[in-house]
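Structure data follow from upload.pdb (PDB, C-alpha atoms, pLDDT in the B column):
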```pdb
ATOM      1  CA  MET A  20     -13.178  16.597 -32.373  1.00 93.00           C
ATOM      2  CA  LEU A  21     -10.439  16.199 -34.960  1.00 95.00           C
ATOM      3  CA  LEU A  22      -9.183  19.088 -37.075  1.00 95.00           C
ATOM      4  CA  SER A  23      -9.853  17.030 -40.227  1.00 93.00           C
ATOM      5  CA  ASP A  24     -13.589  16.862 -39.329  1.00 93.00           C
ATOM      6  CA  LEU A  25     -13.973  20.565 -38.596  1.00 93.00           C
ATOM      7  CA  PRO A  26     -16.316  22.608 -40.827  1.00 92.00           C
ATOM      8  CA  PRO A  27     -14.615  25.536 -42.583  1.00 92.00           C
ATOM      9  CA  ARG A  28     -14.353  28.851 -40.744  1.00 94.00           C
ATOM     10  CA  THR A  29     -15.098  27.381 -37.310  1.00 94.00           C
ATOM     11  CA  PRO A  30     -12.636  28.784 -34.746  1.00 95.00           C
ATOM     12  CA  VAL A  31     -11.428  26.216 -32.221  1.00 96.00           C
ATOM     13  CA  ILE A  32      -8.515  25.668 -29.847  1.00 96.00           C
ATOM     14  CA  VAL A  33      -5.865  22.950 -30.198  1.00 96.00           C
ATOM     15  CA  GLN A  34      -6.032  20.402 -27.366  1.00 96.00           C
ATOM     16  CA  SER A  35      -3.270  18.007 -28.422  1.00 96.00           C
ATOM     17  CA  VAL A  36      -1.390  16.354 -31.279  1.00 96.00           C
ATOM     18  CA  GLU A  37      -1.471  12.551 -31.433  1.00 95.00           C
ATOM     19  CA  ASP A  38       1.798  10.617 -31.581  1.00 94.00           C
ATOM     20  CA  ARG A  39       1.214   7.406 -33.544  1.00 91.00           C
ATOM     21  CA  GLN A  40       4.638   5.961 -32.785  1.00 91.00           C
ATOM     22  CA  PRO A  41       7.517   6.761 -30.443  1.00 92.00           C
ATOM     23  CA  ASN A  42       9.356   9.912 -31.539  1.00 90.00           C
ATOM     24  CA  ASP A  43       6.750  10.503 -34.313  1.00 92.00           C
ATOM     25  CA  PRO A  44       8.276  12.907 -36.891  1.00 95.00           C
ATOM     26  CA  ILE A  45       4.917  14.133 -38.248  1.00 95.00           C
ATOM     27  CA  ALA A  46       3.520  14.921 -34.791  1.00 95.00           C
ATOM     28  CA  ARG A  47       6.782  16.635 -33.857  1.00 95.00           C
ATOM     29  CA  ARG A  48       6.672  18.763 -37.025  1.00 96.00           C
ATOM     30  CA  LEU A  49       3.045  19.755 -36.396  1.00 96.00           C
ATOM     31  CA  ARG A  50       4.033  20.961 -32.911  1.00 95.00           C
ATOM     32  CA  GLU A  51       6.993  22.876 -34.372  1.00 95.00           C
ATOM     33  CA  LEU A  52       4.602  24.598 -36.792  1.00 93.00           C
ATOM     34  CA  GLY A  53       2.492  25.843 -33.865  1.00 94.00           C
ATOM     35  CA  PHE A  54      -0.123  23.153 -33.291  1.00 95.00           C
ATOM     36  CA  VAL A  55       0.244  23.270 -29.502  1.00 95.00           C
ATOM     37  CA  ALA A  56      -2.350  23.185 -26.714  1.00 95.00           C
ATOM     38  CA  GLY A  57      -4.266  26.442 -26.382  1.00 94.00           C
ATOM     39  CA  GLU A  58      -3.442  27.803 -29.854  1.00 95.00           C
ATOM     40  CA  PRO A  59      -6.386  29.066 -31.970  1.00 95.00           C
ATOM     41  CA  VAL A  60      -6.905  27.189 -35.237  1.00 96.00           C
ATOM     42  CA  GLU A  61      -9.470  26.960 -38.032  1.00 95.00           C
ATOM     43  CA  VAL A  62      -9.910  25.314 -41.415  1.00 95.00           C
ATOM     44  CA  VAL A  63      -9.935  28.135 -43.972  1.00 96.00           C
ATOM     45  CA  ALA A  64     -10.672  26.060 -47.099  1.00 95.00           C
ATOM     46  CA  ARG A  65     -10.722  22.536 -48.494  1.00 93.00           C
ATOM     47  CA  GLY A  66      -9.253  21.328 -51.763  1.00 90.00           C
ATOM     48  CA  PRO A  67     -11.564  20.468 -54.664  1.00 88.00           C
ATOM     49  CA  PHE A  68     -10.796  16.735 -54.940  1.00 81.00           C
ATOM     50  CA  GLY A  69     -11.664  14.660 -51.891  1.00 76.00           C
ATOM     51  CA  ALA A  70     -11.497  17.818 -49.755  1.00 82.00           C
ATOM     52  CA  GLU A  71      -7.710  17.580 -49.760  1.00 88.00           C
ATOM     53  CA  PRO A  72      -5.509  19.405 -48.938  1.00 94.00           C
ATOM     54  CA  LEU A  73      -6.923  21.462 -46.089  1.00 95.00           C
ATOM     55  CA  LEU A  74      -5.872  25.090 -45.779  1.00 96.00           C
ATOM     56  CA  VAL A  75      -5.496  25.544 -42.018  1.00 96.00           C
ATOM     57  CA  GLN A  76      -4.741  28.712 -40.092  1.00 96.00           C
ATOM     58  CA  VAL A  77      -2.994  28.370 -36.734  1.00 93.00           C
ATOM     59  CA  GLY A  78      -2.444  31.696 -35.049  1.00 87.00           C
ATOM     60  CA  TYR A  79      -1.666  34.081 -37.931  1.00 90.00           C
ATOM     61  CA  THR A  80      -0.005  31.495 -40.199  1.00 93.00           C
ATOM     62  CA  ARG A  81      -1.615  29.291 -42.854  1.00 95.00           C
ATOM     63  CA  PHE A  82      -0.550  25.775 -43.825  1.00 93.00           C
ATOM     64  CA  ALA A  83      -1.750  23.170 -46.317  1.00 95.00           C
ATOM     65  CA  LEU A  84      -2.208  19.832 -44.541  1.00 95.00           C
ATOM     66  CA  ARG A  85      -3.221  16.397 -45.715  1.00 94.00           C
ATOM     67  CA  ARG A  86      -6.370  15.068 -44.070  1.00 94.00           C
ATOM     68  CA  SER A  87      -4.282  12.329 -42.419  1.00 93.00           C
ATOM     69  CA  GLU A  88      -2.053  14.995 -40.822  1.00 95.00           C
ATOM     70  CA  ALA A  89      -5.025  17.112 -39.706  1.00 95.00           C
ATOM     71  CA  ALA A  90      -6.589  13.977 -38.181  1.00 95.00           C
ATOM     72  CA  ARG A  91      -3.748  13.925 -35.636  1.00 96.00           C
ATOM     73  CA  VAL A  92      -4.807  17.300 -34.170  1.00 96.00           C
ATOM     74  CA  GLN A  93      -7.453  17.123 -31.436  1.00 97.00           C
ATOM     75  CA  VAL A  94      -9.432  20.390 -31.075  1.00 96.00           C
ATOM     76  CA  ALA A  95     -12.168  21.796 -28.834  1.00 95.00           C
ATOM     77  CA  ALA A  96     -14.585  24.708 -29.092  1.00 89.00           C
ATOM     78  CA  ASP A  97     -13.162  28.094 -28.141  1.00 74.00           C
ATOM     79  CA  ALA A  98     -14.741  28.952 -24.752  1.00 62.00           C
ATOM     80  CA  ALA A  99     -14.877  32.675 -25.635  1.00 57.00           C
ATOM     81  CA  GLU A 100     -16.626  31.950 -28.963  1.00 55.00           C
ATOM     82  CA  ALA A 101     -19.078  29.508 -27.337  1.00 44.00           C
ATOM     83  CA  ALA A 102     -20.053  32.109 -24.717  1.00 41.00           C
ATOM     84  CA  ALA A 103     -20.746  34.798 -27.353  1.00 46.00           C
TER      85      ALA A 103
END
```
Could you write out this file's structure as structure tokens?
Amino acid sequence: MLLSDLPPRTPVIVQSVEDRQPNDPIARRLRELGFVAGEPVEVVARGPFGAEPLLVQVGYTRFALRRSEAARVQVAADAAEAAA
């Protein structure tokens, strides 16, 4: 599942960030911000017009991302949350 498709307040874990070109600056910046494999993430809120931007929390930090940026982040259900 992609982060951009995630319903609000659904905790998941980052699997990967997609590079769309060699040495992709957007993918690199997302990783620098903390979007790395195994990190907890959730969509906190969506903007009013076209659901953009997305307010995303990764770890304890919140960021506003465009949907196109969030679509680069592959996520999976949190195993601990799924078992509960």
**Item:** Given the PyMOL selection byres ((chain A and resi 38-51) around 9), the residues it picks as a list in words
**Value:**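 With the shown file as input, the PyMOL selection byres ((chain A and resi 38-51) around 9) matches Val36, Glu37, Leu52, Gly53, Phe54, Val55, Glu88, Arg91 and Val92 of chain A.
Compared by their closest atoms to A:Leu25, and using only C-alpha atoms, the residues A:Ala90, A:Ala56, A:Ala96, A:Val62 rank with A:Val62 nearest.
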**Message:** With distances taken over all atoms listed in the file, which residue among A:Met20, A:Pro67, A:Val60, A:Ser87 lies nearest A:Ile32?
**Reply:**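 For A:Ile32, the nearest of the given residues is A:Val60.
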**Prompt:** Which residues come within 10 Å of stretch 72-77 of chain A, counting all atoms listed in the file, excluding same-chain residues fewer than 2 positions away, as a PyMOL selection string?
**Reply:** chain A and resi 22-23+27-28+30-33+52-55+58-70+79-89
Could you rebuild stretch 25-36 of chain A with all heavy atoms and give it back as a compact mmCIF listing (two decimals), keeping the file's coordinate frame?
```txt
# COMPACT_ATOMS: atom_id res chain seq x y z
N LEU A 25 -13.46 19.24 -38.92
CA LEU A 25 -13.97 20.56 -38.60
C LEU A 25 -14.56 21.24 -39.83
O LEU A 25 -13.95 21.25 -40.89
CB LEU A 25 -12.82 21.41 -38.05
CG LEU A 25 -13.16 22.73 -37.41
CD1 LEU A 25 -13.97 22.51 -36.14
CD2 LEU A 25 -11.90 23.49 -37.10
N PRO A 26 -15.77 21.83 -39.71
CA PRO A 26 -16.32 22.61 -40.83
C PRO A 26 -15.46 23.86 -41.07
O PRO A 26 -14.88 24.39 -40.12
CB PRO A 26 -17.72 23.01 -40.34
CG PRO A 26 -18.00 22.16 -39.17
CD PRO A 26 -16.69 21.75 -38.58
N PRO A 27 -15.40 24.33 -42.30
CA PRO A 27 -14.62 25.54 -42.58
C PRO A 27 -15.09 26.74 -41.78
O PRO A 27 -16.27 26.88 -41.48
CB PRO A 27 -14.85 25.77 -44.09
CG PRO A 27 -15.21 24.43 -44.62
CD PRO A 27 -15.95 23.74 -43.51
N ARG A 28 -14.12 27.58 -41.44
CA ARG A 28 -14.35 28.85 -40.74
C ARG A 28 -14.99 28.69 -39.36
O ARG A 28 -15.75 29.52 -38.92
CB ARG A 28 -15.19 29.80 -41.60
CG ARG A 28 -14.50 30.25 -42.86
CD ARG A 28 -13.32 31.06 -42.48
NE ARG A 28 -12.64 31.59 -43.66
CZ ARG A 28 -11.58 32.35 -43.59
NH1 ARG A 28 -11.08 32.67 -42.43
NH2 ARG A 28 -11.01 32.78 -44.68
N THR A 29 -14.65 27.60 -38.68
CA THR A 29 -15.10 27.38 -37.31
C THR A 29 -13.89 27.51 -36.39
O THR A 29 -13.02 26.65 -36.39
CB THR A 29 -15.72 25.97 -37.14
OG1 THR A 29 -16.75 25.81 -38.10
CG2 THR A 29 -16.25 25.77 -35.74
N PRO A 30 -13.80 28.61 -35.62
CA PRO A 30 -12.64 28.78 -34.75
C PRO A 30 -12.68 27.82 -33.56
O PRO A 30 -13.72 27.66 -32.92
CB PRO A 30 -12.74 30.24 -34.28
CG PRO A 30 -14.15 30.63 -34.51
CD PRO A 30 -14.71 29.75 -35.58
N VAL A 31 -11.57 27.16 -33.33
CA VAL A 31 -11.43 26.22 -32.22
C VAL A 31 -10.05 26.39 -31.60
O VAL A 31 -9.24 27.17 -32.09
CB VAL A 31 -11.63 24.75 -32.68
CG1 VAL A 31 -13.06 24.50 -33.11
CG2 VAL A 31 -10.66 24.39 -33.79
N ILE A 32 -9.80 25.63 -30.55
CA ILE A 32 -8.52 25.67 -29.85
C ILE A 32 -7.88 24.28 -29.92
O ILE A 32 -8.57 23.27 -29.73
CB ILE A 32 -8.72 26.07 -28.37
CG1 ILE A 32 -9.36 27.45 -28.26
CG2 ILE A 32 -7.42 26.01 -27.59
CD1 ILE A 32 -8.49 28.57 -28.75
N VAL A 33 -6.59 24.23 -30.17
CA VAL A 33 -5.86 22.95 -30.20
C VAL A 33 -5.83 22.38 -28.78
O VAL A 33 -5.51 23.09 -27.83
CB VAL A 33 -4.43 23.14 -30.72
CG1 VAL A 33 -3.63 21.85 -30.61
CG2 VAL A 33 -4.43 23.64 -32.15
N GLN A 34 -6.16 21.11 -28.64
CA GLN A 34 -6.03 20.40 -27.37
C GLN A 34 -4.74 19.60 -27.33
O GLN A 34 -4.02 19.64 -26.35
CB GLN A 34 -7.21 19.45 -27.15
CG GLN A 34 -8.46 20.14 -26.74
CD GLN A 34 -9.52 19.13 -26.36
OE1 GLN A 34 -9.68 18.10 -27.02
NE2 GLN A 34 -10.25 19.42 -25.31
N SER A 35 -4.47 18.84 -28.40
CA SER A 35 -3.27 18.01 -28.42
C SER A 35 -2.99 17.54 -29.84
O SER A 35 -3.82 17.65 -30.73
CB SER A 35 -3.45 16.79 -27.51
OG SER A 35 -4.50 15.98 -27.99
N VAL A 36 -1.79 16.99 -30.03
CA VAL A 36 -1.39 16.35 -31.28
C VAL A 36 -1.05 14.91 -30.95
O VAL A 36 -0.27 14.64 -30.03
CB VAL A 36 -0.17 17.07 -31.92
CG1 VAL A 36 0.29 16.32 -33.16
CG2 VAL A 36 -0.51 18.51 -32.27
```
